[in-house]
Amino acid sequence: MTHLPYIVGAYGMAVALGGWFAVAAWLRTRRARRRLAAIDPRTRR
Amino acid sequence: MVAAVNASTTLAPPSRDGRTLHRFANPGQFLRLTGWLLPWLTAVALICTGTGLLWGLFWAPADHEQLDAVRIMYVHVPAAWTALTGYLLLAVCSVVSLVWRHPLADVAAVEIGPVGAAFTVLCLGSGSLWGRPMWGTWWAWDARMTSMLVLFFLYLGHVALVRAFDDLERGYRAGAILALVGAVDLPIIKFSVDWWNTLHQPASITFTGASSLYVGMLWPLLLAATGFYFGFATLVLARTRAALMERRLRTLLLARAQEAA
């Protein structure tokens with residue numbers, strides 16, 4: 001395959017950016033849910 | 001789920017609930033709907049993006065001039081389309097926010113900003129990686145590239161502006177106005193290759209005419225683009241859910257502090 005470093009760079013950037021944002025969103029939701037559950041007992045149900 | 005129901009008290013829906021756009025302003029309803037929808041959107045995003053990118057990387061034919069560098073197109077073009085559509089959505093949210101004072105539109109606009117900026121970075125970065133071997137340069141001040149860079153700064157400006165005010169509402173209004181003014185960049189990006197003599201090639205795919213792209217390249221491109229669109233929707237919805245929960249958290253903490261005082 002020609003131009004391999006450039007191709008790997010582009011695909012790697014796509015995976016890294018997508019993965020970063022997905023993990024960040026998941027962690028943010030989990031943290032908010034846990035803190036809500038700690039403050040408001042009704043959320044534990 | 002209960003958190004979703006509780007969150008509805010944070011942003012009370014207007015009285016004309018059920019008949020207008022405002023019925024979707026109920027965060028509890030939004031959280032319930034997106035809680036059900038998100039796993040499906042994630043699955044479609046992963047399947048389409050994975051299939052499209054792998055197809056483009058391993059099975060789509062190489063170009064007779066660009067050789068294998070053409071495979072960068074399967075990242076670059078979907079990222080560009082998604083960045084543009086994302087900004088259009090930001091502008092729509094801004095209209096809804098300014099005209100109808102829809103609280104969910106404000107929250108969604110705040111969360112669209114960073115995701116749209118990321119897709120713009122991906123478009124610019126992958127374009128640069130393609131430009132180096134094809135044009136012999138990482139960057140050229142070409143109309144298409146420059147207008148895309150302006151889009152990136154517009155996204156960054158929106159991200160910074162909505163967070164720059166102590167009063168959230170003022171931040172939302174200022175961000176909405178910036179987003180609407182910045183929307184003028186969208187047609188400039190789209191038609192830059194027609195209006196000016198640019199280094200960037202003109203569109204190969206149009207809504208009205210036949211595609212000049214070989215069908216073996218078109219399908220993985222469309223599949224990857226579908227995946228990127230679903231990925232964008234998934235990320236924005238997930239971030240909006242988290243933001244609503246954080247709002248509910250702040251409201252509860254404030255209520256507790258007032259009770260204690």
# chains A, B, ... in the order shown; residues from 1 in each chain; ligands from 1

call {"tool": "residues_around", "arguments": {"residues": "Ala176 of chain B", "least_positions_apart": "5", "cutoff": "8 Å", "atoms": "only C-alpha atoms", "output": "PyMOL selection string"}}
result
chain B and resi 91+93-95+97-98

call {"tool": "closest_atom_pairs", "arguments": {"of": "chain A", "to": "chain B", "cutoff": "6 Å", "atoms": "only C-alpha atoms", "output": "JSON lines"}}
result
{"residue": "A:Thr2", "atom": "CA", "partner": "B:Asp68", "partner_atom": "CA", "distance": 5.3}
{"residue": "A:His3", "atom": "CA", "partner": "B:Ala69", "partner_atom": "CA", "distance": 5.7}
{"residue": "A:Tyr6", "atom": "CA", "partner": "B:Leu129", "partner_atom": "CA", "distance": 5.4}
{"residue": "A:Ile7", "atom": "CA", "partner": "B:Ile72", "partner_atom": "CA", "distance": 5.7}
{"residue": "A:Ala10", "atom": "CA", "partner": "B:Ser126", "partner_atom": "CA", "distance": 4.9}
{"residue": "A:Ala25", "atom": "CA", "partner": "B:Arg239", "partner_atom": "CA", "distance": 5.5}
{"residue": "A:Thr29", "atom": "CA", "partner": "B:Ala242", "partner_atom": "CA", "distance": 4.5}
{"residue": "A:Ala32", "atom": "CA", "partner": "B:Glu246", "partner_atom": "CA", "distance": 5.8}
{"residue": "A:Leu36", "atom": "CA", "partner": "B:Leu249", "partner_atom": "CA", "distance": 5.8}
{"residue": "A:Thr43", "atom": "CA", "partner": "B:Ala3", "partner_atom": "CA", "distance": 5.0}

call {"tool": "write_last_selection", "arguments": {"atoms": "N, CA and C atoms", "output": "compact mmCIF listing (two decimals), in the first residue's frame"}}
result
# COMPACT_ATOMS: atom_id res chain seq x y z
N THR A 2 0.63 2.16 -0.94
CA THR A 2 1.45 3.39 -1.00
C THR A 2 0.94 4.41 0.03
N HIS A 3 1.77 5.36 0.39
CA HIS A 3 1.41 6.45 1.30
C HIS A 3 0.88 5.96 2.64
N TYR A 6 0.62 8.25 5.90
CA TYR A 6 -0.43 9.28 5.82
C TYR A 6 -1.81 8.65 6.05
N ILE A 7 -2.00 7.48 5.46
CA ILE A 7 -3.30 6.80 5.61
C ILE A 7 -3.50 6.38 7.06
N ALA A 10 -4.39 9.43 9.16
CA ALA A 10 -5.77 9.90 9.00
C ALA A 10 -6.75 8.97 9.72
N ALA A 25 -17.75 11.18 27.05
CA ALA A 25 -19.20 11.32 27.25
C ALA A 25 -19.71 10.25 28.22
N THR A 29 -21.35 11.02 31.90
CA THR A 29 -22.70 10.56 32.25
C THR A 29 -22.65 9.72 33.52
N ALA A 32 -22.08 11.94 36.59
CA ALA A 32 -23.28 12.71 36.93
C ALA A 32 -24.34 11.81 37.56
N LEU A 36 -25.69 12.19 41.33
CA LEU A 36 -27.13 12.38 41.54
C LEU A 36 -27.66 11.34 42.52
N THR A 43 -33.09 8.65 43.13
CA THR A 43 -32.47 8.22 41.87
C THR A 43 -31.90 6.81 41.97

call {"tool": "residues_around", "arguments": {"residues": "segment 155-166 of chain B", "least_positions_apart": "2", "cutoff": "8 Å", "atoms": "only C-alpha atoms", "output": "list in words"}}
result
Tyr87, Val110, Gly113, Pro114, Gly116, Ala117, Leu151, Phe152, Phe153, Leu168, Arg170, Gly171, Tyr172, Ala174, Gly175, Leu178 and Ala179 of chain B

call {"tool": "write_last_selection", "arguments": {"atoms": "C-alpha atoms", "output": "CSV table (one decimal), in the first residue's frame"}}
result
chain,number,residue,atom,x,y,z
B,87,TYR,CA,-22.8,23.7,12.3
B,110,VAL,CA,-23.5,23.9,24.0
B,113,GLY,CA,-19.8,22.9,19.7
B,114,PRO,CA,-17.0,20.7,20.9
B,116,GLY,CA,-18.4,19.8,15.7
B,117,ALA,CA,-15.0,21.3,16.4
B,151,LEU,CA,-15.6,27.1,10.5
B,152,PHE,CA,-13.2,25.6,13.1
B,153,PHE,CA,-12.7,29.0,14.7
B,168,LEU,CA,-25.9,31.0,31.6
B,170,ARG,CA,-26.6,35.5,28.5
B,171,GLY,CA,-24.0,33.0,27.3
B,172,TYR,CA,-26.7,31.0,25.4
B,174,ALA,CA,-24.5,35.4,22.8
B,175,GLY,CA,-23.5,31.9,21.5
B,178,LEU,CA,-22.5,34.1,17.0
B,179,ALA,CA,-23.7,30.7,15.5

call {"tool": "closest_residue", "arguments": {"among": "A:Ala24, A:Ala38, A:Ala14, A:Val8", "to": "Ala224 of chain B", "atoms": "only C-alpha atoms"}}
result
A:Ala14

call {"tool": "atom_distance", "arguments": {"atom1": "atom CA of Asp185 of chain B", "atom2": "atom CA of Gly52 of chain B"}}
result
28.7 Å

call {"tool": "residues_around", "arguments": {"residues": "Leu218 of chain B", "least_positions_apart": "2", "cutoff": "12 Å", "atoms": "only C-alpha atoms", "output": "number ranges by chain"}}
result
B: 52, 55-56, 60-61, 71, 73-74, 77-78, 204-206, 210-216, 220-225

call {"tool": "select_by_dssp", "arguments": {"residues": "segment 9-210 of chain B", "states": "alpha helix (DSSP H)", "output": "PyMOL selection string"}}
result
chain B and resi 27-54+73-100+103-135+143-162+168-182+185-195

call {"tool": "write_last_selection", "arguments": {"atoms": "C-alpha atoms", "output": "short mmCIF file (atom, residue, chain, number, x, y, z; two decimals), in the first residue's frame"}}
result
data_model
loop_
_atom_site.label_atom_id
_atom_site.label_comp_id
_atom_site.auth_asym_id
_atom_site.auth_seq_id
_atom_site.Cartn_x
_atom_site.Cartn_y
_atom_site.Cartn_z
CA PRO B 27 -35.80 16.92 30.02
CA GLY B 28 -37.36 13.86 31.66
CA GLN B 29 -39.05 12.96 28.38
CA PHE B 30 -35.84 13.68 26.49
CA LEU B 31 -33.74 11.53 28.83
CA ARG B 32 -36.19 8.64 28.63
CA LEU B 33 -36.31 8.78 24.84
CA THR B 34 -32.54 9.10 24.38
CA GLY B 35 -31.88 6.41 26.99
CA TRP B 36 -33.78 4.02 24.76
CA LEU B 37 -32.38 5.45 21.51
CA LEU B 38 -28.67 5.76 22.32
CA PRO B 39 -27.71 2.05 22.25
CA TRP B 40 -29.29 1.73 18.79
CA LEU B 41 -27.63 4.88 17.48
CA THR B 42 -24.28 3.71 18.85
CA ALA B 43 -24.65 0.32 17.20
CA VAL B 44 -25.55 1.83 13.81
CA ALA B 45 -22.68 4.35 14.11
CA LEU B 46 -20.13 1.65 14.92
CA ILE B 47 -21.34 -0.77 12.25
CA CYS B 48 -21.56 1.83 9.46
CA THR B 49 -18.31 3.61 10.35
CA GLY B 50 -16.41 0.36 10.85
CA THR B 51 -17.69 -1.21 7.63
CA GLY B 52 -17.22 1.96 5.59
CA LEU B 53 -13.68 2.64 6.80
CA LEU B 54 -12.52 -0.99 6.53
CA MET B 73 -11.01 10.40 1.38
CA TYR B 74 -13.11 7.89 3.41
CA VAL B 75 -12.20 9.83 6.56
CA HIS B 76 -11.84 13.34 5.13
CA VAL B 77 -15.10 13.71 3.18
CA PRO B 78 -17.45 12.25 5.86
CA ALA B 79 -15.72 14.41 8.49
CA ALA B 80 -16.25 17.52 6.33
CA TRP B 81 -19.93 16.70 5.69
CA THR B 82 -20.53 16.03 9.37
CA ALA B 83 -18.75 19.23 10.46
CA LEU B 84 -20.91 21.27 8.06
CA THR B 85 -24.14 19.54 9.05
CA GLY B 86 -23.18 19.93 12.70
CA TYR B 87 -22.84 23.68 12.28
CA LEU B 88 -26.17 23.80 10.46
CA LEU B 89 -27.72 22.02 13.46
CA LEU B 90 -26.03 24.52 15.76
CA ALA B 91 -27.61 27.35 13.76
CA VAL B 92 -31.03 25.63 13.91
CA CYS B 93 -30.68 25.21 17.69
CA SER B 94 -29.77 28.89 17.90
CA VAL B 95 -32.91 29.93 16.00
CA VAL B 96 -35.04 27.69 18.22
CA SER B 97 -33.31 29.14 21.29
CA LEU B 98 -33.70 32.79 20.25
CA VAL B 99 -37.26 32.52 18.91
CA TRP B 100 -38.90 29.96 21.19
CA PRO B 103 -34.16 25.22 26.99
CA LEU B 104 -33.08 21.94 25.39
CA ALA B 105 -31.94 23.81 22.30
CA ASP B 106 -29.54 25.81 24.49
CA VAL B 107 -28.10 22.69 26.12
CA ALA B 108 -27.84 20.88 22.77
CA ALA B 109 -26.09 23.90 21.18
CA VAL B 110 -23.50 23.94 23.97
CA GLU B 111 -22.80 20.24 23.41
CA ILE B 112 -22.73 20.43 19.60
CA GLY B 113 -19.82 22.91 19.71
CA PRO B 114 -16.96 20.66 20.89
CA VAL B 115 -18.14 17.67 18.83
CA GLY B 116 -18.42 19.79 15.69
CA ALA B 117 -14.98 21.27 16.35
CA ALA B 118 -13.55 17.74 16.63
CA PHE B 119 -15.03 16.72 13.26
CA THR B 120 -13.64 19.92 11.73
CA VAL B 121 -10.19 19.12 13.13
CA LEU B 122 -10.50 15.64 11.66
CA CYS B 123 -11.42 17.11 8.27
CA LEU B 124 -8.55 19.61 8.32
CA GLY B 125 -6.05 17.08 9.69
CA SER B 126 -6.91 14.31 7.24
CA GLY B 127 -6.93 16.86 4.39
CA SER B 128 -3.49 17.98 5.44
CA LEU B 129 -2.28 14.37 5.52
CA TRP B 130 -3.62 13.92 1.99
CA GLY B 131 -2.22 17.26 0.77
CA ARG B 132 1.34 16.52 1.81
CA PRO B 133 1.93 13.63 -0.64
CA MET B 134 -0.48 14.91 -3.34
CA TRP B 135 0.20 18.67 -3.43
CA ALA B 143 -10.54 29.22 -0.41
CA ARG B 144 -11.99 25.84 0.61
CA MET B 145 -9.35 25.17 3.27
CA THR B 146 -9.41 28.70 4.64
CA SER B 147 -13.21 28.77 4.90
CA MET B 148 -13.07 25.39 6.65
CA LEU B 149 -10.51 26.81 9.09
CA VAL B 150 -12.89 29.71 9.71
CA LEU B 151 -15.58 27.12 10.54
CA PHE B 152 -13.22 25.60 13.10
CA PHE B 153 -12.68 29.02 14.71
CA LEU B 154 -16.43 29.62 14.71
CA TYR B 155 -16.94 26.37 16.59
CA LEU B 156 -14.18 27.32 19.05
CA GLY B 157 -15.65 30.82 19.41
CA HIS B 158 -19.05 29.33 20.24
CA VAL B 159 -17.51 26.92 22.77
CA ALA B 160 -15.69 29.79 24.49
CA LEU B 161 -18.53 32.33 24.31
CA VAL B 162 -21.29 30.20 25.86
CA LEU B 168 -25.94 31.02 31.61
CA GLU B 169 -28.81 32.63 29.70
CA ARG B 170 -26.61 35.49 28.49
CA GLY B 171 -24.02 32.97 27.34
CA TYR B 172 -26.66 31.04 25.40
CA ARG B 173 -27.96 34.21 23.70
CA ALA B 174 -24.46 35.40 22.77
CA GLY B 175 -23.53 31.94 21.47
CA ALA B 176 -26.75 31.73 19.44
CA ILE B 177 -26.08 35.09 17.78
CA LEU B 178 -22.50 34.07 16.96
CA ALA B 179 -23.71 30.75 15.53
CA LEU B 180 -26.27 32.51 13.31
CA VAL B 181 -23.79 35.10 12.06
CA GLY B 182 -21.24 32.35 11.43
CA ASP B 185 -19.61 30.54 6.24
CA LEU B 186 -21.55 27.40 5.24
CA PRO B 187 -22.47 28.47 1.66
CA ILE B 188 -19.00 29.98 1.32
CA ILE B 189 -17.46 26.57 2.12
CA LYS B 190 -19.88 24.76 -0.18
CA PHE B 191 -19.44 27.04 -3.19
CA SER B 192 -15.82 28.12 -2.62
CA VAL B 193 -14.62 25.63 -5.23
CA ASP B 194 -17.05 27.11 -7.79
CA TRP B 195 -16.63 30.81 -6.95
#

call {"tool": "atom_distance", "arguments": {"atom1": "atom CA of Met217 of chain B", "atom2": "atom CA of Glu65 of chain B"}}
result
14.5 Å

call {"tool": "atom_distance", "arguments": {"atom1": "atom CA of Asp167 of chain B", "atom2": "atom CA of His102 of chain B"}}
result
16.7 Å

call {"tool": "decode", "arguments": {"residues": "segment 100-154 of chain B", "atoms": "C-alpha atoms", "output": "short mmCIF file (atom, residue, chain, number, x, y, z; two decimals), in the first residue's frame"}}
result
data_model
loop_
_atom_site.label_atom_id
_atom_site.label_comp_id
_atom_site.auth_asym_id
_atom_site.auth_seq_id
_atom_site.Cartn_x
_atom_site.Cartn_y
_atom_site.Cartn_z
CA TRP B 100 -38.90 29.96 21.19
CA ARG B 101 -36.52 30.09 24.19
CA HIS B 102 -36.39 26.32 24.06
CA PRO B 103 -34.16 25.22 26.99
CA LEU B 104 -33.08 21.94 25.39
CA ALA B 105 -31.94 23.81 22.30
CA ASP B 106 -29.54 25.81 24.49
CA VAL B 107 -28.10 22.69 26.12
CA ALA B 108 -27.84 20.88 22.77
CA ALA B 109 -26.09 23.90 21.18
CA VAL B 110 -23.50 23.94 23.97
CA GLU B 111 -22.80 20.24 23.41
CA ILE B 112 -22.73 20.43 19.60
CA GLY B 113 -19.82 22.91 19.71
CA PRO B 114 -16.96 20.66 20.89
CA VAL B 115 -18.14 17.67 18.83
CA GLY B 116 -18.42 19.79 15.69
CA ALA B 117 -14.98 21.27 16.35
CA ALA B 118 -13.55 17.74 16.63
CA PHE B 119 -15.03 16.72 13.26
CA THR B 120 -13.64 19.92 11.73
CA VAL B 121 -10.19 19.12 13.13
CA LEU B 122 -10.50 15.64 11.66
CA CYS B 123 -11.42 17.11 8.27
CA LEU B 124 -8.55 19.61 8.32
CA GLY B 125 -6.05 17.08 9.69
CA SER B 126 -6.91 14.31 7.24
CA GLY B 127 -6.93 16.86 4.39
CA SER B 128 -3.49 17.98 5.44
CA LEU B 129 -2.28 14.37 5.52
CA TRP B 130 -3.62 13.92 1.99
CA GLY B 131 -2.22 17.26 0.77
CA ARG B 132 1.34 16.52 1.81
CA PRO B 133 1.93 13.63 -0.64
CA MET B 134 -0.48 14.91 -3.34
CA TRP B 135 0.20 18.67 -3.43
CA GLY B 136 3.59 18.60 -1.73
CA THR B 137 2.41 20.82 1.14
CA TRP B 138 0.61 20.35 4.45
CA TRP B 139 -1.41 23.52 4.01
CA ALA B 140 -2.35 26.07 1.35
CA TRP B 141 -4.37 29.26 1.86
CA ASP B 142 -6.92 27.98 -0.60
CA ALA B 143 -10.54 29.22 -0.41
CA ARG B 144 -11.99 25.84 0.61
CA MET B 145 -9.35 25.17 3.27
CA THR B 146 -9.41 28.70 4.64
CA SER B 147 -13.21 28.77 4.90
CA MET B 148 -13.07 25.39 6.65
CA LEU B 149 -10.51 26.81 9.09
CA VAL B 150 -12.89 29.71 9.71
CA LEU B 151 -15.58 27.12 10.54
CA PHE B 152 -13.22 25.60 13.10
CA PHE B 153 -12.68 29.02 14.71
CA LEU B 154 -16.43 29.62 14.71
#
